[in-house]
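Have a look at the structure below before the remarks.
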Amino acid sequence: MRLFFGGKSEKEVLIKTAELIQLLCSACEIFDEAIKKGDKNLMSEIYVIEKKGDEIRREIASKIYEGAFLPYLRPNIYKMAEMIDSIIDKLEDAALSFSKIKREDLLKIIKNEIEIISELNIKMCHILSKSFTICFLKGGDLRETIILIRVLEKRVDDLKHSILDKIMREDVKFWEGIVLLKFIEQLVEISDLIEDVADIIQLLNLSL
């Protein structure tokens, strides 16, 4: 059983990173609620979370710059935090794109797929949190969580193709299509980024 025996600075970085992951989970859950309720006003809560995420990332960077962790670990420790923050940024982008969509009829056509992708993103966030705990607290094999994240990411990709097939059958004006496709790409990219963070955690797990 692993318990990470770092100094005060290292523990502060890990606590802040865990907070960042929880912020990501919260942002995904708010996004999911907004999508299902069709409440674009809820998306404003994600903007608040994004600002908090930036603040935490800067605190992590400061601690690492001051010397937290051994030199060979620092790049991936910071990259992990930076990428988690970038996922929150991507959620903010998706929230903004969602607020710009005017064709409610198009949203209804792809609503089921969008909701499933949103739910899968939440699941992947919680699996990511579990991977982080295993890596820095419990120790152990991450293969199961990594495989599960990859399976869910593949399902998101399949749903994206289903969405695009449906949209292509509709009469969509150029700029309406651009806004909608941008939203879909941003929503799907969240799962890709979560998978990337999981890979970094796996690498760190092998390094500790």
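Going by the structure tokens order, chains are called A, B, ..., each with residues numbered from 1, while ligands are numbered from 1 in the order shown.
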Counting only C-alpha atoms, which residues in region 47-118 of chain A sit no more than 9 Å from region 33-38 of chain A? For each one, give the nearest pair of atoms and the distance in Å, sorted by chain then residue number, as JSON lines.
```
{"residue": "A:Phe98", "atom": "CA", "partner": "A:Ile35", "partner_atom": "CA", "distance": 8.6}
{"residue": "A:Lys111", "atom": "CA", "partner": "A:Lys36", "partner_atom": "CA", "distance": 8.3}
{"residue": "A:Ile114", "atom": "CA", "partner": "A:Ile35", "partner_atom": "CA", "distance": 8.0}
{"residue": "A:Glu115", "atom": "CA", "partner": "A:Lys36", "partner_atom": "CA", "distance": 6.7}
{"residue": "A:Ser118", "atom": "CA", "partner": "A:Ile35", "partner_atom": "CA", "distance": 8.2}
```
Subject >> Distance of CA of Ile15 (chain A) from CA of Ala68 (chain A), expressed in Å to one decimal place >> reply: 12.9 Å
**OP:** Run DSSP on the backbone and give me the residues of region 21-201 of chain A it puts in alpha helix (DSSP H), as number ranges by chain.
**Re:** A: 21-37, 44-65, 74-100, 104-133, 143-168, 174-201
**OP:** Have a look at A:Thr17, A:Ser97, A:Asn205, A:Asn76 and name the one nearest to Cys135 (chain A); count only C-alpha atoms.
**Re:** A:Asn205
Subject >> Nearby residues (only C-alpha atoms) at most 7 Å from region 58-67 of chain A, same-chain spacing under 2 positions excluded, as a count of residues only >> reply: 9
**OP:** Would you kindly return, as a ChimeraX atom specification, each protein, DNA or RNA residue with an atom no farther than 8 Å from any atom of Lys102 (chain A), considering only C-alpha atoms and excluding same-chain residues fewer than 2 positions away?
**Re:** /A:100,104,176
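Using only C-alpha atoms for every distance, the candidate list A:Leu142, A:Cys28, A:Leu120, A:Leu137 yields A:Cys28 as the residue closest to Ile88 (chain A).
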Go through region 76-167 of chain A and flag each residue having an atom no more than 8 Å from region 193-203 of chain A; for those, report the closest pair of atoms plus their distance in Å to one decimal, using only C-alpha atoms, ordered by chain and rising number, as JSON lines.
```
{"residue": "A:Asn76", "atom": "CA", "partner": "A:Ile200", "partner_atom": "CA", "distance": 6.7}
{"residue": "A:Met80", "atom": "CA", "partner": "A:Val197", "partner_atom": "CA", "distance": 5.9}
{"residue": "A:Met83", "atom": "CA", "partner": "A:Val197", "partner_atom": "CA", "distance": 6.5}
{"residue": "A:Ile84", "atom": "CA", "partner": "A:Val197", "partner_atom": "CA", "distance": 7.0}
{"residue": "A:Ile87", "atom": "CA", "partner": "A:Leu193", "partner_atom": "CA", "distance": 6.5}
{"residue": "A:Met124", "atom": "CA", "partner": "A:Ile194", "partner_atom": "CA", "distance": 7.0}
{"residue": "A:Cys125", "atom": "CA", "partner": "A:Ile194", "partner_atom": "CA", "distance": 7.1}
{"residue": "A:Leu128", "atom": "CA", "partner": "A:Ala198", "partner_atom": "CA", "distance": 6.2}
{"residue": "A:Ser131", "atom": "CA", "partner": "A:Ile201", "partner_atom": "CA", "distance": 7.1}
{"residue": "A:Phe132", "atom": "CA", "partner": "A:Ile201", "partner_atom": "CA", "distance": 6.6}
{"residue": "A:Cys135", "atom": "CA", "partner": "A:Ile201", "partner_atom": "CA", "distance": 6.9}
{"residue": "A:Leu142", "atom": "CA", "partner": "A:Gln202", "partner_atom": "CA", "distance": 6.5}
{"residue": "A:Ile146", "atom": "CA", "partner": "A:Ala198", "partner_atom": "CA", "distance": 6.5}
{"residue": "A:Ile149", "atom": "CA", "partner": "A:Glu195", "partner_atom": "CA", "distance": 6.3}
{"residue": "A:Arg150", "atom": "CA", "partner": "A:Glu195", "partner_atom": "CA", "distance": 6.6}
{"residue": "A:Glu153", "atom": "CA", "partner": "A:Glu195", "partner_atom": "CA", "distance": 7.3}
```
Export N, CA and C atoms of the chosen residues as a PDB file, in the first residue's frame?
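Result file is again.pdb:
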```
ATOM      1  N   ASN A  76       5.935  16.396 -15.400  1.00  0.00           N
ATOM      2  CA  ASN A  76       4.666  15.671 -15.529  1.00  0.00           C
ATOM      3  C   ASN A  76       3.667  16.034 -14.433  1.00  0.00           C
ATOM      4  N   MET A  80       0.184  17.517 -15.617  1.00  0.00           N
ATOM      5  CA  MET A  80      -1.074  16.931 -15.160  1.00  0.00           C
ATOM      6  C   MET A  80      -2.039  18.029 -14.720  1.00  0.00           C
ATOM      7  N   MET A  83      -3.180  20.266 -17.679  1.00  0.00           N
ATOM      8  CA  MET A  83      -4.147  19.640 -18.579  1.00  0.00           C
ATOM      9  C   MET A  83      -5.530  19.538 -17.942  1.00  0.00           C
ATOM     10  N   ILE A  84      -5.573  19.283 -16.631  1.00  0.00           N
ATOM     11  CA  ILE A  84      -6.867  19.255 -15.941  1.00  0.00           C
ATOM     12  C   ILE A  84      -7.528  20.628 -16.049  1.00  0.00           C
ATOM     13  N   ILE A  87      -8.997  21.219 -19.415  1.00  0.00           N
ATOM     14  CA  ILE A  87     -10.295  20.562 -19.638  1.00  0.00           C
ATOM     15  C   ILE A  87     -11.423  21.456 -19.133  1.00  0.00           C
ATOM     16  N   MET A 124     -15.959   9.542 -16.688  1.00  0.00           N
ATOM     17  CA  MET A 124     -14.517   9.570 -16.912  1.00  0.00           C
ATOM     18  C   MET A 124     -13.803  10.446 -15.890  1.00  0.00           C
ATOM     19  N   CYS A 125     -14.440  11.546 -15.481  1.00  0.00           N
ATOM     20  CA  CYS A 125     -13.862  12.417 -14.445  1.00  0.00           C
ATOM     21  C   CYS A 125     -13.699  11.673 -13.132  1.00  0.00           C
ATOM     22  N   LEU A 128     -10.972   9.205 -13.371  1.00  0.00           N
ATOM     23  CA  LEU A 128      -9.704   9.941 -13.294  1.00  0.00           C
ATOM     24  C   LEU A 128      -9.348  10.241 -11.841  1.00  0.00           C
ATOM     25  N   SER A 131      -8.057   7.140 -10.309  1.00  0.00           N
ATOM     26  CA  SER A 131      -6.686   6.882 -10.770  1.00  0.00           C
ATOM     27  C   SER A 131      -5.685   7.734  -9.995  1.00  0.00           C
ATOM     28  N   PHE A 132      -6.043   8.994  -9.759  1.00  0.00           N
ATOM     29  CA  PHE A 132      -5.175   9.904  -9.002  1.00  0.00           C
ATOM     30  C   PHE A 132      -4.959   9.381  -7.584  1.00  0.00           C
ATOM     31  N   CYS A 135      -2.674   6.360  -7.615  1.00  0.00           N
ATOM     32  CA  CYS A 135      -1.296   6.752  -7.912  1.00  0.00           C
ATOM     33  C   CYS A 135      -0.580   7.331  -6.698  1.00  0.00           C
ATOM     34  N   LEU A 142      -2.945   0.539 -12.420  1.00  0.00           N
ATOM     35  CA  LEU A 142      -3.923   1.461 -13.008  1.00  0.00           C
ATOM     36  C   LEU A 142      -4.523   0.943 -14.311  1.00  0.00           C
ATOM     37  N   ILE A 146      -7.438   2.771 -16.617  1.00  0.00           N
ATOM     38  CA  ILE A 146      -6.998   3.304 -17.914  1.00  0.00           C
ATOM     39  C   ILE A 146      -7.793   2.676 -19.053  1.00  0.00           C
ATOM     40  N   ILE A 149     -11.353   4.093 -19.115  1.00  0.00           N
ATOM     41  CA  ILE A 149     -11.381   5.440 -19.695  1.00  0.00           C
ATOM     42  C   ILE A 149     -11.291   5.368 -21.216  1.00  0.00           C
ATOM     43  N   ARG A 150     -10.444   4.488 -21.723  1.00  0.00           N
ATOM     44  CA  ARG A 150     -10.294   4.359 -23.181  1.00  0.00           C
ATOM     45  C   ARG A 150     -11.551   3.799 -23.833  1.00  0.00           C
ATOM     46  N   GLU A 153     -14.015   6.627 -23.907  1.00  0.00           N
ATOM     47  CA  GLU A 153     -13.620   7.621 -24.913  1.00  0.00           C
ATOM     48  C   GLU A 153     -13.982   7.140 -26.317  1.00  0.00           C
TER      49      GLU A 153
END
```
Could you give me, as JSON lines, a per-residue list for region 74-130 of chain A showing, wherever an atom lies at most 10 Å from an atom of region 170-173 of chain A, the closest pair of atoms and their distance in Å to one decimal, using only C-alpha atoms and sorting by chain then residue number from low to high?
```
{"residue": "A:Arg103", "atom": "CA", "partner": "A:Val172", "partner_atom": "CA", "distance": 9.1}
{"residue": "A:Leu106", "atom": "CA", "partner": "A:Glu170", "partner_atom": "CA", "distance": 8.1}
{"residue": "A:Ile109", "atom": "CA", "partner": "A:Glu170", "partner_atom": "CA", "distance": 9.5}
```
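Comparing A:Glu10, A:Glu119, A:Asp165, A:Glu185 by their smallest distance to Leu152 (chain A), the closest is A:Glu119 (using only C-alpha atoms).
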